[in-house]
Amino acid sequence: RTQQPAMGGQQLSVVVPTYNEVGNLAELTRRLFAAAKEAELDVEVLFAEDESAATAESVRIVEELAKEGFAVRMHVRRRAEGRGLSSAVLLGFSLAKHDTLLCMDADLQHEPEAMPSVARPVLSGEADFAVGSRNVADGGVGFEWSLLRTVVSKGATLLAAPLSSSTDPMSGFFCLPRSTLDAGRRACNPLGFKIALELMVRCRCERIVDVPITFRDRASGESKLTMRQNLEYLRQLVALYWFAFARYVVAVAVALGAVALYATSRLAL
């Protein structure tokens, strides 16, 4: 791993959506803060927990980590308050203390040691959205993916290509400043799993930087991805395409209407 320059105490809120991830919390926290210390980052970690059978144990673990001196806390969202990864991330962002926001998974598929690298383009002012990408040089997948999963991933990425310049818009490892979030937060539809894509489109991000990461195998727990989420992704794409390109459709329709009106008036003369 290439040694990166220190970031001199810059502040970062790391939001980690969780649901029954009790087996990963302690390792993730320790590795994140070790990476933050090496990069000289002032980091807080907020676990945005959707209530599950493991919630009580998750809260206990996070409280113990806080007693050890880690700047870590957990917000538990009860079932009546809502469910879902995207809305959990947005809730976590709203509760975060700092003005630079980073999201990553709790299952250790996103290496905690990559956190400073993903945050760096935003903290330096180079980007208004940074994405941890598997699909750039020095990035990749650190385990054997099935053919089906590879095809689904590449197909989903291809479908989103006109919406974002990122090579990995499906990524859940991303960073943005609060000012970027505020620009499009009201327009966001917090359904589905692809919150990074939602934010890049709704916040109209132009300076997007991809940072190479290695996507690792899940450490513990089970994948939350189901066929229902795949269908929700297709619905999300339809909404995002309309949001991104509706004004062009309207402009073309108006232009065609004007041409038709002019042609009709000429014929009437």
# chains A, B, ... in the order shown; residues from 1 in each chain; ligands from 1
call {"tool": "residues_around", "arguments": {"residues": "A:Ala54", "least_positions_apart": "4", "cutoff": "9 Å", "atoms": "only C-alpha atoms", "output": "list in words"}}
result
Tyr19, Asn20, Glu21, Val22, Ser58 and Val59 of chain A
call {"tool": "write_last_selection", "arguments": {"atoms": "all heavy atoms", "output": "short mmCIF file (atom, residue, chain, number, x, y, z; two decimals), in the first residue's frame"}}
result
data_model
loop_
_atom_site.label_atom_id
_atom_site.label_comp_id
_atom_site.auth_asym_id
_atom_site.auth_seq_id
_atom_site.Cartn_x
_atom_site.Cartn_y
_atom_site.Cartn_z
N TYR A 19 -27.56 -3.77 10.18
CA TYR A 19 -28.72 -4.59 10.47
C TYR A 19 -28.20 -6.00 10.74
O TYR A 19 -27.73 -6.68 9.82
CB TYR A 19 -29.72 -4.60 9.31
CG TYR A 19 -30.94 -5.46 9.56
CD1 TYR A 19 -31.98 -5.01 10.37
CD2 TYR A 19 -31.03 -6.73 9.01
CE1 TYR A 19 -33.10 -5.79 10.61
CE2 TYR A 19 -32.14 -7.53 9.24
CZ TYR A 19 -33.17 -7.06 10.04
OH TYR A 19 -34.27 -7.85 10.28
N ASN A 20 -28.19 -6.37 11.99
CA ASN A 20 -27.71 -7.69 12.38
C ASN A 20 -26.24 -7.91 11.95
O ASN A 20 -25.90 -8.92 11.36
CB ASN A 20 -28.60 -8.79 11.79
CG ASN A 20 -28.43 -10.12 12.50
OD1 ASN A 20 -27.94 -10.17 13.63
ND2 ASN A 20 -28.82 -11.20 11.84
N GLU A 21 -25.39 -6.93 12.28
CA GLU A 21 -23.96 -7.01 11.94
C GLU A 21 -23.12 -7.10 13.21
O GLU A 21 -21.99 -6.63 13.25
CB GLU A 21 -23.54 -5.79 11.12
CG GLU A 21 -24.20 -5.68 9.76
CD GLU A 21 -23.62 -6.66 8.74
OE1 GLU A 21 -22.69 -7.40 9.09
OE2 GLU A 21 -24.12 -6.67 7.60
N VAL A 22 -23.65 -7.73 14.24
CA VAL A 22 -23.02 -7.72 15.55
C VAL A 22 -21.60 -8.29 15.53
O VAL A 22 -20.73 -7.87 16.29
CB VAL A 22 -23.91 -8.49 16.58
CG1 VAL A 22 -24.02 -9.97 16.22
CG2 VAL A 22 -23.41 -8.30 17.99
N SER A 58 -25.65 -5.37 19.83
CA SER A 58 -24.91 -4.37 19.07
C SER A 58 -24.72 -3.11 19.89
O SER A 58 -23.62 -2.53 19.93
CB SER A 58 -25.65 -4.04 17.77
OG SER A 58 -25.71 -5.17 16.92
N VAL A 59 -25.76 -2.67 20.57
CA VAL A 59 -25.67 -1.47 21.41
C VAL A 59 -24.66 -1.68 22.53
O VAL A 59 -23.85 -0.79 22.83
CB VAL A 59 -27.06 -1.13 21.99
CG1 VAL A 59 -26.94 -0.06 23.07
CG2 VAL A 59 -27.99 -0.66 20.88
#
call {"tool": "residues_around", "arguments": {"residues": "stretch 189-201 of chain A", "least_positions_apart": "3", "cutoff": "6 Å", "atoms": "only C-alpha atoms", "output": "NGL selection string"}}
result
:A and (85-87 or 169-170 or 204-205 or 232)
call {"tool": "closest_residue", "arguments": {"among": "A:Gln236, A:Ser13, A:Ser133, A:Ser166", "to": "A:Cys103", "atoms": "only C-alpha atoms"}}
result
A:Ser13
call {"tool": "residues_around", "arguments": {"residues": "A:Val76", "least_positions_apart": "6", "cutoff": "8 Å", "atoms": "only C-alpha atoms", "output": "PyMOL selection string"}}
result
chain A and resi 48-51+55
call {"tool": "write_last_selection", "arguments": {"atoms": "N, CA, C and O atoms", "output": "mmCIF file, in the first residue's frame"}}
result
data_model
loop_
_atom_site.group_PDB
_atom_site.id
_atom_site.type_symbol
_atom_site.label_atom_id
_atom_site.label_comp_id
_atom_site.auth_asym_id
_atom_site.auth_seq_id
_atom_site.Cartn_x
_atom_site.Cartn_y
_atom_site.Cartn_z
ATOM 1 N N ALA A 48 -25.756 3.435 12.076
ATOM 2 C CA ALA A 48 -27.181 3.681 11.900
ATOM 3 C C ALA A 48 -27.872 2.329 11.836
ATOM 4 O O ALA A 48 -27.894 1.670 10.795
ATOM 5 N N GLU A 49 -28.404 1.904 12.968
ATOM 6 C CA GLU A 49 -28.893 0.533 13.152
ATOM 7 C C GLU A 49 -30.397 0.441 12.942
ATOM 8 O O GLU A 49 -31.182 1.138 13.614
ATOM 9 N N ASP A 50 -30.805 -0.395 11.996
ATOM 10 C CA ASP A 50 -32.217 -0.772 11.902
ATOM 11 C C ASP A 50 -32.462 -1.901 12.895
ATOM 12 O O ASP A 50 -31.735 -2.903 12.907
ATOM 13 N N GLU A 51 -33.475 -1.746 13.706
ATOM 14 C CA GLU A 51 -33.738 -2.674 14.805
ATOM 15 C C GLU A 51 -33.827 -4.122 14.312
ATOM 16 O O GLU A 51 -34.493 -4.427 13.326
ATOM 17 N N THR A 55 -29.942 -6.203 17.981
ATOM 18 C CA THR A 55 -29.742 -4.794 18.323
ATOM 19 C C THR A 55 -29.228 -4.596 19.742
ATOM 20 O O THR A 55 -28.294 -3.813 19.975
#
call {"tool": "atom_distance", "arguments": {"atom1": "atom CA of A:Leu28", "atom2": "atom CA of A:Ser52"}}
result
19.2 Å
call {"tool": "residues_around", "arguments": {"residues": "A:Val43", "least_positions_apart": "2", "cutoff": "7 Å", "atoms": "only C-alpha atoms", "output": "PDB file with N, CA, C and O atoms, in the first residue's frame"}}
result
ATOM      1  N   GLN A  11     -11.648  16.813   9.864  1.00  0.00           N
ATOM      2  CA  GLN A  11     -12.741  16.094  10.528  1.00  0.00           C
ATOM      3  C   GLN A  11     -13.597  15.328   9.525  1.00  0.00           C
ATOM      4  O   GLN A  11     -13.864  15.805   8.419  1.00  0.00           O
ATOM      5  N   LEU A  12     -14.037  14.155   9.952  1.00  0.00           N
ATOM      6  CA  LEU A  12     -14.809  13.270   9.084  1.00  0.00           C
ATOM      7  C   LEU A  12     -15.792  12.471   9.915  1.00  0.00           C
ATOM      8  O   LEU A  12     -15.427  11.907  10.952  1.00  0.00           O
ATOM      9  N   SER A  13     -17.046  12.435   9.471  1.00  0.00           N
ATOM     10  CA  SER A  13     -18.049  11.555  10.080  1.00  0.00           C
ATOM     11  C   SER A  13     -18.229  10.333   9.193  1.00  0.00           C
ATOM     12  O   SER A  13     -18.533  10.463   8.003  1.00  0.00           O
ATOM     13  N   ALA A  36      -7.523   5.995  10.772  1.00  0.00           N
ATOM     14  CA  ALA A  36      -7.686   7.434  11.004  1.00  0.00           C
ATOM     15  C   ALA A  36      -6.470   8.018  11.710  1.00  0.00           C
ATOM     16  O   ALA A  36      -6.002   9.113  11.375  1.00  0.00           O
ATOM     17  N   LEU A  41      -6.525  11.887  10.889  1.00  0.00           N
ATOM     18  CA  LEU A  41      -7.895  12.332  10.697  1.00  0.00           C
ATOM     19  C   LEU A  41      -8.631  12.335  12.036  1.00  0.00           C
ATOM     20  O   LEU A  41      -8.476  11.414  12.842  1.00  0.00           O
ATOM     21  N   VAL A  45     -17.492   7.795  14.353  1.00  0.00           N
ATOM     22  CA  VAL A  45     -18.199   6.718  13.666  1.00  0.00           C
ATOM     23  C   VAL A  45     -19.602   6.624  14.235  1.00  0.00           C
ATOM     24  O   VAL A  45     -19.794   6.549  15.454  1.00  0.00           O
TER      25      VAL A  45
END
call {"tool": "residues_around", "arguments": {"residues": "stretch 67-70 of chain A", "least_positions_apart": "5", "cutoff": "12 Å", "atoms": "only C-alpha atoms", "output": "ChimeraX atom specification"}}
result
/A:26,28-34,36-37,42-46,60-62
call {"tool": "write_last_selection", "arguments": {"atoms": "N, CA, C and O atoms", "output": "compact mmCIF listing (two decimals), in the first residue's frame"}}
result
# COMPACT_ATOMS: atom_id res chain seq x y z
N ALA A 26 -16.84 -4.54 16.39
CA ALA A 26 -15.60 -4.25 17.12
C ALA A 26 -14.40 -4.19 16.17
O ALA A 26 -13.59 -3.26 16.24
N LEU A 28 -14.36 -3.66 12.92
CA LEU A 28 -14.50 -2.50 12.05
C LEU A 28 -14.07 -1.23 12.76
O LEU A 28 -13.30 -0.41 12.22
N THR A 29 -14.53 -1.06 13.99
CA THR A 29 -14.21 0.15 14.75
C THR A 29 -12.70 0.27 14.98
O THR A 29 -12.09 1.33 14.75
N ARG A 30 -12.08 -0.80 15.44
CA ARG A 30 -10.65 -0.75 15.75
C ARG A 30 -9.82 -0.47 14.49
O ARG A 30 -8.86 0.32 14.52
N ARG A 31 -10.19 -1.10 13.40
CA ARG A 31 -9.44 -0.89 12.16
C ARG A 31 -9.66 0.52 11.59
O ARG A 31 -8.74 1.15 11.08
N LEU A 32 -10.88 1.02 11.72
CA LEU A 32 -11.16 2.37 11.24
C LEU A 32 -10.35 3.42 11.99
O LEU A 32 -9.75 4.32 11.39
N PHE A 33 -10.33 3.30 13.31
CA PHE A 33 -9.62 4.31 14.09
C PHE A 33 -8.10 4.17 13.96
O PHE A 33 -7.38 5.17 14.06
N ALA A 34 -7.62 2.96 13.70
CA ALA A 34 -6.19 2.80 13.42
C ALA A 34 -5.84 3.50 12.11
O ALA A 34 -4.80 4.19 12.00
N ALA A 36 -7.52 5.99 10.77
CA ALA A 36 -7.69 7.43 11.00
C ALA A 36 -6.47 8.02 11.71
O ALA A 36 -6.00 9.11 11.38
N LYS A 37 -5.95 7.28 12.67
CA LYS A 37 -4.77 7.76 13.40
C LYS A 37 -3.57 7.89 12.47
O LYS A 37 -2.83 8.88 12.50
N ASP A 42 -9.46 13.35 12.25
CA ASP A 42 -10.34 13.42 13.41
C ASP A 42 -11.67 12.80 13.00
O ASP A 42 -12.47 13.43 12.30
N VAL A 43 -11.92 11.57 13.42
CA VAL A 43 -13.05 10.79 12.92
C VAL A 43 -14.04 10.46 14.04
O VAL A 43 -13.65 10.18 15.16
N GLU A 44 -15.31 10.54 13.70
CA GLU A 44 -16.35 9.94 14.52
C GLU A 44 -17.02 8.85 13.69
O GLU A 44 -17.10 8.95 12.46
N VAL A 45 -17.49 7.80 14.35
CA VAL A 45 -18.20 6.72 13.67
C VAL A 45 -19.60 6.62 14.23
O VAL A 45 -19.79 6.55 15.45
N LEU A 46 -20.58 6.66 13.35
CA LEU A 46 -21.98 6.54 13.73
C LEU A 46 -22.57 5.32 13.05
O LEU A 46 -22.64 5.25 11.82
N ARG A 60 -24.68 -2.87 23.11
CA ARG A 60 -23.73 -3.16 24.20
C ARG A 60 -22.29 -3.08 23.71
O ARG A 60 -21.42 -2.49 24.37
N ILE A 61 -22.03 -3.64 22.53
CA ILE A 61 -20.67 -3.64 21.99
C ILE A 61 -20.21 -2.20 21.71
O ILE A 61 -19.09 -1.82 22.05
N VAL A 62 -21.09 -1.40 21.11
CA VAL A 62 -20.72 -0.02 20.79
C VAL A 62 -20.49 0.79 22.07
O VAL A 62 -19.56 1.60 22.14
call {"tool": "select_by_dssp", "arguments": {"residues": "stretch 8-238 of chain A", "states": "helix (DSSP H, G or I)", "output": "PyMOL selection string"}}
result
chain A and resi 25-39+55-67+79-81+85-95+112-123+147-163+178-187+195-202+227-238
call {"tool": "closest_residue", "arguments": {"among": "A:Val209, A:Ala160, A:Val15, A:Ala239", "to": "A:Thr100", "atoms": "only C-alpha atoms"}}
result
A:Val15
call {"tool": "select_by_dssp", "arguments": {"residues": "stretch 47-255 of chain A", "states": "strand (DSSP E)", "output": "compact mmCIF listing (two decimals) with all heavy atoms, in the first residue's frame"}}
result
# COMPACT_ATOMS: atom_id res chain seq x y z
N PHE A 47 -22.97 4.33 13.84
CA PHE A 47 -23.67 3.17 13.32
C PHE A 47 -25.17 3.50 13.28
O PHE A 47 -25.76 3.81 14.30
CB PHE A 47 -23.43 1.94 14.19
CG PHE A 47 -22.02 1.43 14.14
CD1 PHE A 47 -21.16 1.62 15.22
CD2 PHE A 47 -21.54 0.77 13.03
CE1 PHE A 47 -19.86 1.16 15.18
CE2 PHE A 47 -20.23 0.31 12.98
CZ PHE A 47 -19.39 0.50 14.06
N ALA A 48 -25.76 3.43 12.08
CA ALA A 48 -27.18 3.68 11.90
C ALA A 48 -27.87 2.33 11.84
O ALA A 48 -27.89 1.67 10.80
CB ALA A 48 -27.43 4.49 10.63
N GLU A 49 -28.40 1.90 12.97
CA GLU A 49 -28.89 0.53 13.15
C GLU A 49 -30.40 0.44 12.94
O GLU A 49 -31.18 1.14 13.61
CB GLU A 49 -28.54 0.07 14.57
CG GLU A 49 -29.26 -1.17 15.04
CD GLU A 49 -28.62 -2.48 14.59
OE1 GLU A 49 -27.64 -2.42 13.82
OE2 GLU A 49 -29.10 -3.55 15.03
N ASP A 50 -30.81 -0.39 12.00
CA ASP A 50 -32.22 -0.77 11.90
C ASP A 50 -32.46 -1.90 12.90
O ASP A 50 -31.73 -2.90 12.91
CB ASP A 50 -32.56 -1.23 10.49
CG ASP A 50 -32.96 -0.07 9.58
OD1 ASP A 50 -33.08 1.06 10.08
OD2 ASP A 50 -33.15 -0.30 8.37
N VAL A 72 -17.35 6.68 18.98
CA VAL A 72 -18.30 5.84 18.27
C VAL A 72 -19.63 5.85 19.01
O VAL A 72 -19.67 5.90 20.24
CB VAL A 72 -17.75 4.39 18.14
CG1 VAL A 72 -17.48 3.77 19.49
CG2 VAL A 72 -18.68 3.51 17.32
N ARG A 73 -20.72 5.82 18.25
CA ARG A 73 -22.06 5.77 18.84
C ARG A 73 -22.98 5.03 17.88
O ARG A 73 -22.65 4.82 16.71
CB ARG A 73 -22.60 7.17 19.15
CG ARG A 73 -22.63 8.11 17.96
CD ARG A 73 -22.80 9.57 18.40
NE ARG A 73 -22.51 10.49 17.32
CZ ARG A 73 -23.44 11.18 16.66
NH1 ARG A 73 -24.74 11.05 16.99
NH2 ARG A 73 -23.12 12.00 15.68
N MET A 74 -24.13 4.65 18.39
CA MET A 74 -25.12 3.94 17.58
C MET A 74 -26.48 4.59 17.75
O MET A 74 -26.91 4.85 18.88
CB MET A 74 -25.18 2.46 17.97
CG MET A 74 -26.30 1.68 17.26
SD MET A 74 -26.20 -0.13 17.53
CE MET A 74 -24.95 -0.59 16.32
N HIS A 75 -27.12 4.86 16.63
CA HIS A 75 -28.51 5.31 16.65
C HIS A 75 -29.39 4.15 16.20
O HIS A 75 -29.20 3.62 15.11
CB HIS A 75 -28.73 6.51 15.73
CG HIS A 75 -30.16 6.93 15.66
ND1 HIS A 75 -30.74 7.75 16.60
CD2 HIS A 75 -31.15 6.62 14.77
CE1 HIS A 75 -32.01 7.95 16.31
NE2 HIS A 75 -32.29 7.26 15.21
N VAL A 76 -30.33 3.76 17.04
CA VAL A 76 -31.22 2.64 16.73
C VAL A 76 -32.53 3.19 16.21
O VAL A 76 -33.22 3.96 16.89
CB VAL A 76 -31.47 1.75 17.96
CG1 VAL A 76 -32.43 0.63 17.61
CG2 VAL A 76 -30.15 1.19 18.48
N ARG A 77 -32.87 2.79 15.00
CA ARG A 77 -34.15 3.18 14.41
C ARG A 77 -35.14 2.04 14.61
O ARG A 77 -34.95 0.93 14.09
CB ARG A 77 -33.97 3.50 12.92
CG ARG A 77 -35.23 4.00 12.26
CD ARG A 77 -34.98 4.53 10.88
NE ARG A 77 -34.43 3.53 9.97
CZ ARG A 77 -34.39 3.68 8.65
NH1 ARG A 77 -34.83 4.79 8.09
NH2 ARG A 77 -33.88 2.73 7.88
N THR A 100 -17.95 16.73 6.60
CA THR A 100 -17.56 15.79 5.56
C THR A 100 -18.08 14.42 5.97
O THR A 100 -17.83 13.96 7.09
CB THR A 100 -16.04 15.75 5.34
OG1 THR A 100 -15.58 17.07 5.05
CG2 THR A 100 -15.68 14.83 4.19
N LEU A 101 -18.81 13.78 5.06
CA LEU A 101 -19.57 12.58 5.39
C LEU A 101 -19.10 11.41 4.54
O LEU A 101 -18.97 11.54 3.31
CB LEU A 101 -21.06 12.83 5.13
CG LEU A 101 -21.64 14.10 5.76
CD1 LEU A 101 -23.00 14.42 5.16
CD2 LEU A 101 -21.74 13.94 7.27
N LEU A 102 -18.86 10.28 5.18
CA LEU A 102 -18.44 9.07 4.46
C LEU A 102 -19.35 7.92 4.85
O LEU A 102 -19.69 7.77 6.03
CB LEU A 102 -16.98 8.75 4.77
CG LEU A 102 -16.39 7.53 4.02
CD1 LEU A 102 -14.96 7.82 3.58
CD2 LEU A 102 -16.42 6.27 4.87
N CYS A 103 -19.73 7.13 3.88
CA CYS A 103 -20.55 5.95 4.11
C CYS A 103 -19.78 4.70 3.69
O CYS A 103 -19.10 4.70 2.66
CB CYS A 103 -21.85 6.03 3.30
SG CYS A 103 -22.91 4.56 3.40
N PHE A 129 -17.77 14.61 -4.75
CA PHE A 129 -18.24 13.25 -4.48
C PHE A 129 -17.10 12.30 -4.82
O PHE A 129 -16.54 12.37 -5.91
CB PHE A 129 -19.47 12.91 -5.32
CG PHE A 129 -20.35 11.85 -4.72
CD1 PHE A 129 -21.49 12.19 -4.01
CD2 PHE A 129 -20.04 10.50 -4.85
CE1 PHE A 129 -22.31 11.22 -3.45
CE2 PHE A 129 -20.84 9.53 -4.29
CZ PHE A 129 -21.98 9.89 -3.59
N ALA A 130 -16.73 11.44 -3.88
CA ALA A 130 -15.69 10.44 -4.11
C ALA A 130 -16.29 9.05 -3.93
O ALA A 130 -17.07 8.82 -3.00
CB ALA A 130 -14.53 10.63 -3.15
N VAL A 131 -15.91 8.14 -4.81
CA VAL A 131 -16.47 6.78 -4.81
C VAL A 131 -15.34 5.77 -4.69
O VAL A 131 -14.36 5.83 -5.44
CB VAL A 131 -17.25 6.52 -6.11
CG1 VAL A 131 -17.81 5.09 -6.12
CG2 VAL A 131 -18.38 7.53 -6.29
N GLY A 132 -15.47 4.85 -3.76
CA GLY A 132 -14.56 3.72 -3.70
C GLY A 132 -14.93 2.73 -4.79
O GLY A 132 -15.98 2.09 -4.73
N SER A 133 -14.09 2.61 -5.80
CA SER A 133 -14.45 1.86 -7.01
C SER A 133 -13.63 0.59 -7.18
O SER A 133 -12.40 0.59 -7.01
CB SER A 133 -14.26 2.76 -8.24
OG SER A 133 -14.48 2.02 -9.44
N GLY A 140 -10.49 -3.68 -7.49
CA GLY A 140 -10.93 -5.01 -7.91
C GLY A 140 -11.71 -5.72 -6.83
O GLY A 140 -12.11 -5.14 -5.83
N VAL A 141 -11.93 -7.00 -7.06
CA VAL A 141 -12.65 -7.86 -6.13
C VAL A 141 -11.66 -8.88 -5.57
O VAL A 141 -10.97 -9.56 -6.34
CB VAL A 141 -13.83 -8.58 -6.83
CG1 VAL A 141 -14.53 -9.55 -5.87
CG2 VAL A 141 -14.83 -7.56 -7.37
N PHE A 174 -18.47 5.68 -0.15
CA PHE A 174 -18.40 6.97 -0.82
C PHE A 174 -18.31 8.09 0.20
O PHE A 174 -18.58 7.90 1.39
CB PHE A 174 -19.62 7.18 -1.73
CG PHE A 174 -20.95 7.19 -1.02
CD1 PHE A 174 -21.49 8.38 -0.52
CD2 PHE A 174 -21.66 6.02 -0.83
CE1 PHE A 174 -22.71 8.38 0.14
CE2 PHE A 174 -22.88 6.02 -0.18
CZ PHE A 174 -23.41 7.21 0.30
N CYS A 175 -17.94 9.27 -0.29
CA CYS A 175 -17.75 10.42 0.58
C CYS A 175 -18.25 11.68 -0.13
O CYS A 175 -18.10 11.80 -1.36
CB CYS A 175 -16.27 10.56 0.93
SG CYS A 175 -15.88 11.90 2.10
N LEU A 176 -18.81 12.60 0.63
CA LEU A 176 -19.26 13.87 0.08
C LEU A 176 -19.31 14.92 1.19
O LEU A 176 -19.43 14.58 2.37
CB LEU A 176 -20.66 13.74 -0.56
CG LEU A 176 -21.89 13.59 0.35
CD1 LEU A 176 -23.15 13.85 -0.46
CD2 LEU A 176 -21.96 12.22 1.01
N PRO A 177 -19.22 16.20 0.83
CA PRO A 177 -19.37 17.24 1.84
C PRO A 177 -20.86 17.48 2.13
O PRO A 177 -21.72 17.23 1.28
CB PRO A 177 -18.74 18.47 1.18
CG PRO A 177 -18.86 18.21 -0.27
CD PRO A 177 -18.82 16.73 -0.47
N ILE A 208 -16.74 14.25 -9.73
CA ILE A 208 -16.78 12.91 -9.14
C ILE A 208 -15.42 12.25 -9.35
O ILE A 208 -14.91 12.20 -10.47
CB ILE A 208 -17.89 12.06 -9.76
CG1 ILE A 208 -19.26 12.71 -9.51
CG2 ILE A 208 -17.87 10.64 -9.21
CD1 ILE A 208 -20.40 12.06 -10.27
N VAL A 209 -14.83 11.76 -8.26
CA VAL A 209 -13.53 11.11 -8.33
C VAL A 209 -13.66 9.66 -7.86
O VAL A 209 -14.21 9.41 -6.78
CB VAL A 209 -12.48 11.85 -7.47
CG1 VAL A 209 -11.18 11.06 -7.40
CG2 VAL A 209 -12.22 13.24 -8.03
N ASP A 210 -13.18 8.73 -8.67
CA ASP A 210 -13.16 7.32 -8.29
C ASP A 210 -11.82 6.99 -7.62
O ASP A 210 -10.76 7.36 -8.14
CB ASP A 210 -13.35 6.43 -9.52
CG ASP A 210 -14.79 6.38 -9.99
OD1 ASP A 210 -15.68 6.76 -9.21
OD2 ASP A 210 -15.03 5.96 -11.14
N VAL A 211 -11.90 6.30 -6.51
CA VAL A 211 -10.71 5.90 -5.75
C VAL A 211 -10.63 4.37 -5.77
O VAL A 211 -11.62 3.71 -5.43
CB VAL A 211 -10.79 6.40 -4.30
CG1 VAL A 211 -9.57 5.94 -3.50
CG2 VAL A 211 -10.92 7.92 -4.27
N PRO A 212 -9.51 3.78 -6.15
CA PRO A 212 -9.45 2.32 -6.22
C PRO A 212 -9.57 1.67 -4.85
O PRO A 212 -8.92 2.09 -3.88
CB PRO A 212 -8.07 2.05 -6.84
CG PRO A 212 -7.28 3.29 -6.59
CD PRO A 212 -8.26 4.42 -6.60
N THR A 214 -10.28 -2.48 -3.00
CA THR A 214 -10.46 -3.93 -3.20
C THR A 214 -11.68 -4.35 -2.39
O THR A 214 -11.75 -4.15 -1.18
CB THR A 214 -9.22 -4.71 -2.73
OG1 THR A 214 -8.10 -4.27 -3.49
CG2 THR A 214 -9.43 -6.20 -2.94
N PHE A 215 -12.65 -4.90 -3.08
CA PHE A 215 -13.89 -5.35 -2.46
C PHE A 215 -13.67 -6.76 -1.92
O PHE A 215 -13.39 -7.69 -2.67
CB PHE A 215 -15.00 -5.33 -3.52
CG PHE A 215 -16.38 -5.55 -2.98
CD1 PHE A 215 -16.99 -4.62 -2.16
CD2 PHE A 215 -17.10 -6.68 -3.34
CE1 PHE A 215 -18.28 -4.81 -1.68
CE2 PHE A 215 -18.39 -6.89 -2.88
CZ PHE A 215 -18.98 -5.95 -2.05
call {"tool": "closest_residue", "arguments": {"among": "A:Ala80, A:Leu108, A:Ala39, A:Val152", "to": "A:Phe173", "atoms": "only C-alpha atoms"}}
result
A:Leu108
call {"tool": "residues_around", "arguments": {"residues": "A:Cys203", "least_positions_apart": "4", "cutoff": "7 Å", "atoms": "only C-alpha atoms", "output": "NGL selection string"}}
result
:A and (180-181 or 183-184 or 199)
call {"tool": "write_last_selection", "arguments": {"atoms": "all heavy atoms", "output": "PDB file, in the first residue's frame"}}
result
ATOM      1  N   THR A 180     -22.803  19.473  -0.478  1.00  0.00           N
ATOM      2  CA  THR A 180     -23.303  18.727  -1.640  1.00  0.00           C
ATOM      3  C   THR A 180     -24.599  18.012  -1.291  1.00  0.00           C
ATOM      4  O   THR A 180     -25.574  18.038  -2.061  1.00  0.00           O
ATOM      5  CB  THR A 180     -22.252  17.707  -2.115  1.00  0.00           C
ATOM      6  OG1 THR A 180     -21.104  18.406  -2.592  1.00  0.00           O
ATOM      7  CG2 THR A 180     -22.797  16.835  -3.237  1.00  0.00           C
ATOM      8  N   LEU A 181     -24.629  17.367  -0.131  1.00  0.00           N
ATOM      9  CA  LEU A 181     -25.839  16.675   0.308  1.00  0.00           C
ATOM     10  C   LEU A 181     -27.008  17.652   0.413  1.00  0.00           C
ATOM     11  O   LEU A 181     -28.116  17.360  -0.055  1.00  0.00           O
ATOM     12  CB  LEU A 181     -25.588  16.006   1.656  1.00  0.00           C
ATOM     13  CG  LEU A 181     -26.796  15.362   2.336  1.00  0.00           C
ATOM     14  CD1 LEU A 181     -27.300  14.176   1.532  1.00  0.00           C
ATOM     15  CD2 LEU A 181     -26.442  14.926   3.763  1.00  0.00           C
ATOM     16  N   ALA A 183     -27.605  20.284  -1.146  1.00  0.00           N
ATOM     17  CA  ALA A 183     -28.073  20.788  -2.437  1.00  0.00           C
ATOM     18  C   ALA A 183     -29.152  19.905  -3.053  1.00  0.00           C
ATOM     19  O   ALA A 183     -29.970  20.382  -3.851  1.00  0.00           O
ATOM     20  CB  ALA A 183     -26.897  20.912  -3.407  1.00  0.00           C
ATOM     21  N   GLY A 184     -29.160  18.613  -2.704  1.00  0.00           N
ATOM     22  CA  GLY A 184     -30.135  17.717  -3.330  1.00  0.00           C
ATOM     23  C   GLY A 184     -30.918  16.849  -2.379  1.00  0.00           C
ATOM     24  O   GLY A 184     -31.693  15.984  -2.808  1.00  0.00           O
ATOM     25  N   LEU A 199     -27.635   9.957  -4.720  1.00  0.00           N
ATOM     26  CA  LEU A 199     -27.067  11.241  -4.320  1.00  0.00           C
ATOM     27  C   LEU A 199     -26.308  11.906  -5.464  1.00  0.00           C
ATOM     28  O   LEU A 199     -26.402  13.125  -5.665  1.00  0.00           O
ATOM     29  CB  LEU A 199     -26.149  11.045  -3.119  1.00  0.00           C
ATOM     30  CG  LEU A 199     -26.848  10.716  -1.801  1.00  0.00           C
ATOM     31  CD1 LEU A 199     -25.840  10.294  -0.741  1.00  0.00           C
ATOM     32  CD2 LEU A 199     -27.666  11.907  -1.303  1.00  0.00           C
TER      33      LEU A 199
END
